[in-house]
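To be precise, the following lines are entry.txt, and they hold compact mmCIF, N, CA and C atoms.
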```txt
# COMPACT_ATOMS: atom_id res chain seq x y z
N MET F 1 6.86 -11.61 -87.93
CA MET F 1 6.69 -10.52 -87.00
C MET F 1 5.56 -10.83 -86.02
N LYS F 2 4.47 -11.38 -86.53
CA LYS F 2 3.33 -11.70 -85.67
C LYS F 2 3.70 -12.79 -84.67
N LYS F 3 4.52 -13.76 -85.12
CA LYS F 3 4.94 -14.84 -84.22
C LYS F 3 5.78 -14.29 -83.08
N LEU F 4 6.67 -13.37 -83.38
CA LEU F 4 7.52 -12.75 -82.36
C LEU F 4 6.68 -11.95 -81.37
N LEU F 5 5.73 -11.19 -81.88
CA LEU F 5 4.85 -10.41 -81.01
C LEU F 5 4.01 -11.33 -80.13
N PHE F 6 3.47 -12.41 -80.72
CA PHE F 6 2.67 -13.36 -79.96
C PHE F 6 3.50 -14.05 -78.88
N ALA F 7 4.74 -14.45 -79.21
CA ALA F 7 5.63 -15.09 -78.24
C ALA F 7 5.95 -14.13 -77.09
N GLY F 8 6.17 -12.87 -77.40
CA GLY F 8 6.44 -11.87 -76.36
C GLY F 8 5.25 -11.68 -75.45
N LEU F 9 4.05 -11.68 -76.04
CA LEU F 9 2.83 -11.53 -75.26
C LEU F 9 2.63 -12.72 -74.33
N VAL F 10 2.84 -13.92 -74.83
CA VAL F 10 2.68 -15.14 -74.02
C VAL F 10 3.69 -15.13 -72.88
N LEU F 11 4.93 -14.79 -73.18
CA LEU F 11 5.97 -14.74 -72.15
C LEU F 11 5.63 -13.72 -71.06
N THR F 12 5.10 -12.59 -71.47
CA THR F 12 4.70 -11.56 -70.50
C THR F 12 3.58 -12.05 -69.61
N LEU F 13 2.59 -12.69 -70.20
CA LEU F 13 1.47 -13.20 -69.41
C LEU F 13 1.90 -14.30 -68.45
N VAL F 14 2.79 -15.17 -68.88
CA VAL F 14 3.27 -16.24 -68.00
C VAL F 14 4.06 -15.66 -66.83
N SER F 15 4.91 -14.68 -67.10
CA SER F 15 5.69 -14.08 -66.01
C SER F 15 4.78 -13.32 -65.05
N PHE F 16 3.75 -12.67 -65.56
CA PHE F 16 2.81 -11.96 -64.70
C PHE F 16 2.05 -12.94 -63.81
N ALA F 17 1.63 -14.06 -64.36
CA ALA F 17 0.90 -15.07 -63.58
C ALA F 17 1.80 -15.66 -62.49
N ALA F 18 3.06 -15.87 -62.80
CA ALA F 18 3.98 -16.43 -61.81
C ALA F 18 4.22 -15.45 -60.66
N SER F 19 4.32 -14.17 -60.97
CA SER F 19 4.55 -13.19 -59.91
C SER F 19 3.32 -13.00 -59.04
N ALA F 20 2.14 -13.24 -59.59
CA ALA F 20 0.91 -13.08 -58.81
C ALA F 20 0.75 -14.20 -57.79
N GLN F 21 1.48 -15.30 -57.96
CA GLN F 21 1.34 -16.43 -57.05
C GLN F 21 2.20 -16.27 -55.80
N GLN F 22 3.08 -15.31 -55.76
CA GLN F 22 3.90 -15.11 -54.57
C GLN F 22 3.02 -14.63 -53.43
N VAL F 23 3.26 -15.16 -52.25
CA VAL F 23 2.45 -14.78 -51.10
C VAL F 23 3.27 -13.88 -50.19
N SER F 24 2.58 -13.05 -49.46
CA SER F 24 3.27 -12.19 -48.52
C SER F 24 3.77 -13.00 -47.34
N GLY F 25 4.68 -12.45 -46.58
CA GLY F 25 5.22 -13.14 -45.42
C GLY F 25 4.16 -13.47 -44.40
N GLU F 26 3.19 -12.59 -44.30
CA GLU F 26 2.10 -12.78 -43.34
C GLU F 26 1.27 -14.00 -43.70
N ASN F 27 0.88 -14.11 -44.97
CA ASN F 27 0.09 -15.25 -45.41
C ASN F 27 0.89 -16.53 -45.32
N TYR F 28 2.17 -16.46 -45.65
CA TYR F 28 3.04 -17.63 -45.61
C TYR F 28 3.13 -18.17 -44.18
N ARG F 29 3.33 -17.27 -43.22
CA ARG F 29 3.46 -17.66 -41.82
C ARG F 29 2.17 -18.32 -41.33
N HIS F 30 1.05 -17.71 -41.65
CA HIS F 30 -0.24 -18.25 -41.22
C HIS F 30 -0.47 -19.63 -41.83
N ARG F 31 -0.15 -19.77 -43.10
CA ARG F 31 -0.34 -21.05 -43.77
C ARG F 31 0.55 -22.13 -43.16
N LYS F 32 1.80 -21.80 -42.81
CA LYS F 32 2.71 -22.77 -42.21
C LYS F 32 2.22 -23.22 -40.83
N VAL F 33 1.70 -22.31 -40.03
CA VAL F 33 1.19 -22.66 -38.70
C VAL F 33 -0.03 -23.56 -38.84
N GLU F 34 -0.94 -23.20 -39.73
CA GLU F 34 -2.14 -24.02 -39.93
C GLU F 34 -1.77 -25.41 -40.44
N GLU F 35 -0.82 -25.48 -41.35
CA GLU F 35 -0.38 -26.76 -41.90
C GLU F 35 0.26 -27.63 -40.81
N ALA F 36 1.08 -27.04 -39.97
CA ALA F 36 1.73 -27.79 -38.88
C ALA F 36 0.68 -28.30 -37.90
N TYR F 37 -0.36 -27.52 -37.64
CA TYR F 37 -1.42 -27.97 -36.74
C TYR F 37 -2.20 -29.13 -37.34
N ARG F 38 -2.54 -29.01 -38.63
CA ARG F 38 -3.27 -30.10 -39.30
C ARG F 38 -2.46 -31.38 -39.36
N ASN F 39 -1.13 -31.26 -39.50
CA ASN F 39 -0.27 -32.44 -39.55
C ASN F 39 -0.02 -33.04 -38.17
N GLY F 40 -0.44 -32.34 -37.13
CA GLY F 40 -0.27 -32.85 -35.78
C GLY F 40 1.06 -32.46 -35.15
N GLU F 41 1.85 -31.61 -35.83
CA GLU F 41 3.14 -31.20 -35.29
C GLU F 41 3.00 -30.17 -34.18
N LEU F 42 1.86 -29.47 -34.14
CA LEU F 42 1.59 -28.50 -33.09
C LEU F 42 0.38 -28.96 -32.29
N THR F 43 0.44 -28.74 -30.99
CA THR F 43 -0.73 -29.01 -30.16
C THR F 43 -1.60 -27.76 -30.13
N ARG F 44 -2.80 -27.89 -29.61
CA ARG F 44 -3.71 -26.74 -29.55
C ARG F 44 -3.16 -25.61 -28.68
N PRO F 45 -2.60 -25.89 -27.48
CA PRO F 45 -2.04 -24.80 -26.69
C PRO F 45 -0.85 -24.10 -27.38
N GLU F 46 -0.05 -24.87 -28.10
CA GLU F 46 1.08 -24.26 -28.82
C GLU F 46 0.57 -23.34 -29.92
N MET F 47 -0.45 -23.78 -30.61
CA MET F 47 -1.01 -22.96 -31.67
C MET F 47 -1.64 -21.69 -31.11
N ARG F 48 -2.35 -21.82 -30.00
CA ARG F 48 -2.93 -20.64 -29.35
C ARG F 48 -1.85 -19.64 -28.96
N ARG F 49 -0.76 -20.15 -28.42
CA ARG F 49 0.32 -19.27 -27.99
C ARG F 49 0.95 -18.55 -29.18
N LEU F 50 1.14 -19.26 -30.29
CA LEU F 50 1.68 -18.63 -31.49
C LEU F 50 0.76 -17.53 -32.00
N HIS F 51 -0.55 -17.79 -32.00
CA HIS F 51 -1.51 -16.77 -32.45
C HIS F 51 -1.51 -15.58 -31.50
N LYS F 52 -1.44 -15.86 -30.21
CA LYS F 52 -1.44 -14.77 -29.23
C LYS F 52 -0.19 -13.91 -29.39
N ASP F 53 0.96 -14.55 -29.57
CA ASP F 53 2.21 -13.80 -29.78
C ASP F 53 2.15 -12.99 -31.06
N HIS F 54 1.54 -13.55 -32.09
CA HIS F 54 1.44 -12.83 -33.35
C HIS F 54 0.53 -11.61 -33.21
N GLN F 55 -0.56 -11.76 -32.49
CA GLN F 55 -1.45 -10.62 -32.25
C GLN F 55 -0.73 -9.54 -31.46
N ARG F 56 0.07 -9.95 -30.49
CA ARG F 56 0.85 -9.00 -29.71
C ARG F 56 1.83 -8.23 -30.61
N LEU F 57 2.45 -8.96 -31.53
CA LEU F 57 3.38 -8.33 -32.47
C LEU F 57 2.66 -7.33 -33.36
N GLN F 58 1.48 -7.70 -33.86
CA GLN F 58 0.71 -6.79 -34.72
C GLN F 58 0.31 -5.53 -33.95
N MET F 59 -0.10 -5.69 -32.72
CA MET F 59 -0.48 -4.52 -31.90
C MET F 59 0.73 -3.62 -31.65
N GLU F 60 1.87 -4.24 -31.42
CA GLU F 60 3.09 -3.47 -31.20
C GLU F 60 3.46 -2.68 -32.45
N ARG F 61 3.35 -3.31 -33.61
CA ARG F 61 3.63 -2.60 -34.87
C ARG F 61 2.70 -1.42 -35.04
N LYS F 62 1.43 -1.66 -34.78
CA LYS F 62 0.42 -0.61 -34.93
C LYS F 62 0.70 0.55 -33.97
N ARG F 63 1.04 0.21 -32.74
CA ARG F 63 1.31 1.24 -31.74
C ARG F 63 2.56 2.04 -32.09
N ASP F 64 3.60 1.32 -32.55
CA ASP F 64 4.86 2.00 -32.87
C ASP F 64 4.74 2.87 -34.12
N PHE F 65 3.84 2.53 -35.02
CA PHE F 65 3.73 3.28 -36.27
C PHE F 65 2.71 4.41 -36.18
N ARG F 66 2.17 4.66 -34.99
CA ARG F 66 1.16 5.72 -34.84
C ARG F 66 1.68 7.09 -35.27
N ASP F 67 2.96 7.34 -35.03
CA ASP F 67 3.51 8.64 -35.40
C ASP F 67 3.94 8.70 -36.86
N GLY F 68 3.73 7.61 -37.62
CA GLY F 68 4.02 7.61 -39.05
C GLY F 68 5.37 7.06 -39.43
N ARG F 69 6.17 6.68 -38.46
CA ARG F 69 7.48 6.09 -38.78
C ARG F 69 7.95 5.24 -37.62
N PHE F 70 8.92 4.37 -37.91
CA PHE F 70 9.53 3.54 -36.88
C PHE F 70 10.89 4.11 -36.53
N SER F 71 11.15 4.29 -35.25
CA SER F 71 12.49 4.71 -34.84
C SER F 71 13.41 3.49 -34.89
N ARG F 72 14.68 3.72 -34.74
CA ARG F 72 15.64 2.61 -34.76
C ARG F 72 15.34 1.62 -33.64
N ARG F 73 15.02 2.15 -32.47
CA ARG F 73 14.70 1.28 -31.33
C ARG F 73 13.44 0.45 -31.58
N GLU F 74 12.43 1.09 -32.17
CA GLU F 74 11.19 0.38 -32.47
C GLU F 74 11.42 -0.72 -33.50
N ARG F 75 12.20 -0.42 -34.54
CA ARG F 75 12.50 -1.44 -35.56
C ARG F 75 13.24 -2.61 -34.94
N ARG F 76 14.20 -2.31 -34.09
CA ARG F 76 14.97 -3.36 -33.43
C ARG F 76 14.05 -4.23 -32.56
N HIS F 77 13.16 -3.58 -31.84
CA HIS F 77 12.23 -4.31 -30.98
C HIS F 77 11.29 -5.19 -31.80
N ILE F 78 10.77 -4.68 -32.90
CA ILE F 78 9.88 -5.46 -33.78
C ILE F 78 10.64 -6.65 -34.36
N ARG F 79 11.87 -6.41 -34.83
CA ARG F 79 12.66 -7.51 -35.38
C ARG F 79 12.93 -8.58 -34.34
N ARG F 80 13.18 -8.16 -33.11
CA ARG F 80 13.43 -9.12 -32.03
C ARG F 80 12.19 -9.95 -31.76
N MET F 81 11.03 -9.31 -31.77
CA MET F 81 9.78 -10.05 -31.56
C MET F 81 9.52 -11.03 -32.71
N GLU F 82 9.80 -10.60 -33.95
CA GLU F 82 9.62 -11.50 -35.10
C GLU F 82 10.56 -12.70 -35.00
N ARG F 83 11.79 -12.44 -34.63
CA ARG F 83 12.78 -13.52 -34.48
C ARG F 83 12.34 -14.50 -33.40
N HIS F 84 11.84 -13.97 -32.30
CA HIS F 84 11.35 -14.82 -31.21
C HIS F 84 10.18 -15.68 -31.70
N GLU F 85 9.29 -15.07 -32.48
CA GLU F 85 8.14 -15.80 -32.98
C GLU F 85 8.57 -16.94 -33.90
N ARG F 86 9.54 -16.69 -34.78
CA ARG F 86 10.03 -17.74 -35.67
C ARG F 86 10.71 -18.86 -34.89
N ARG F 87 11.51 -18.50 -33.89
CA ARG F 87 12.20 -19.51 -33.09
C ARG F 87 11.22 -20.34 -32.29
N GLU F 88 10.20 -19.68 -31.76
CA GLU F 88 9.20 -20.38 -30.97
C GLU F 88 8.42 -21.36 -31.85
N PHE F 89 8.10 -20.95 -33.08
CA PHE F 89 7.40 -21.85 -34.00
C PHE F 89 8.26 -23.07 -34.28
N ARG F 90 9.53 -22.86 -34.56
CA ARG F 90 10.42 -23.99 -34.84
C ARG F 90 10.54 -24.90 -33.62
N HIS F 91 10.65 -24.29 -32.44
CA HIS F 91 10.75 -25.08 -31.21
C HIS F 91 9.50 -25.93 -31.01
N PHE F 92 8.34 -25.33 -31.16
CA PHE F 92 7.09 -26.07 -30.98
C PHE F 92 6.94 -27.18 -32.01
N LYS F 93 7.39 -26.90 -33.22
CA LYS F 93 7.23 -27.88 -34.29
C LYS F 93 8.13 -29.10 -34.07
N HIS F 94 9.26 -28.91 -33.40
CA HIS F 94 10.24 -29.99 -33.25
C HIS F 94 10.42 -30.45 -31.80
N ASN F 95 9.45 -30.22 -30.93
CA ASN F 95 9.63 -30.59 -29.53
C ASN F 95 9.03 -31.95 -29.17
N HIS F 96 8.65 -32.74 -30.14
CA HIS F 96 8.13 -34.10 -29.95
C HIS F 96 6.81 -34.14 -29.19
N HIS F 97 6.10 -33.01 -29.11
CA HIS F 97 4.73 -33.01 -28.61
C HIS F 97 3.85 -33.04 -29.83
N HIS F 98 3.05 -34.07 -29.96
CA HIS F 98 2.22 -34.20 -31.14
C HIS F 98 0.76 -34.30 -30.75
N ARG F 99 -0.06 -33.79 -31.62
CA ARG F 99 -1.48 -33.87 -31.43
C ARG F 99 -1.91 -35.24 -31.91
N HIS F 100 -2.68 -35.93 -31.12
CA HIS F 100 -3.14 -37.27 -31.49
C HIS F 100 -4.54 -37.17 -32.07
N PHE F 101 -4.74 -37.82 -33.16
CA PHE F 101 -6.03 -37.73 -33.87
C PHE F 101 -7.00 -38.76 -33.36
```
Whole structure, C-alpha cells version:
Amino acid sequence: MKKLLFAGLVLTLVSFAASAQQVSGENYRHRKVEEAYRNGELTRPEMRRLHKDHQRLQMERKRDFRDGRFSRRERRHIRRMERHERREFRHFKHNHHHRHF
C-alpha cells in the first residue's frame, strides 16, 4: 500500500513539474525573436521593427479591452495584427539578410 501511495505521489510531482515548464505564448515569442537575433538570422532594424509592432499590438489590446470585453471586430483586428506579426517574423528570418559578427 505504501509503495502504491509513494508511486502516485512521485507521478503527481513529475506531472506538476512538467506542466510548470510550459511557457506562455508571449514568452515563447520573445524568446524566439531573441534567439533569431543572437543566431544572426535577424538584423538590428528587423528586430526593432518586430518589437515596435509588438508594442503596437499590446497597446491596441489594452485600448480595446478598456470597456472590459472585446467586440467581434476588435478580436478580428487583434488576430489580424498577430497574424501579420508572425508572418513578418518568418519573412525577416528567411529573407537572407544576416547579421555579420
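Taking atom C of Arg87 in chain F and atom N of Glu74 in chain F as the two end points, the separation is 21.5 Å.
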Find the residues near Glu82 in chain F: any atom within 10 Å, counting only C-alpha atoms, skip ones fewer than 6 places away on the same chain, and give them as a PyMOL selection string. chain F and resi 53-54+57+76+88
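One finds atom N of His98 in chain F at 8.8 Å from atom C of Asn39 in chain F.
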How many Å separate CA of His30 in chain F from CA of Thr43 in chain F? 15.4 Å
Please, which residues of chain F, numbered as in this document, come out alpha helix (DSSP H) from DSSP, as a PyMOL selection string? chain F and resi 2-20+25-38+44-64+72-93
Near Leu42 in chain F, counting only N, CA and C atoms, which residues have an atom at most 6.5 Å away, once you skip same-chain residues fewer than 5 positions from it, shown as a list in words?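 Here the qualifying residues turn out to be Ala36, Tyr37, Met47, Phe92, Lys93, His97, His98 and Arg99 of chain F.
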Counting only C-alpha atoms, the residue of F:Pro45, F:Glu60, F:Gly68, F:Lys2 that sits nearest Arg80 in chain F: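 Comparing F:Pro45, F:Glu60, F:Gly68, F:Lys2 against Arg80 in chain F, the winner is F:Glu60.
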Closest to Met81 in chain F among F:His94, F:Arg66, F:Arg56, F:Lys32, using only C-alpha atoms?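 Closest candidate: F:Arg56.
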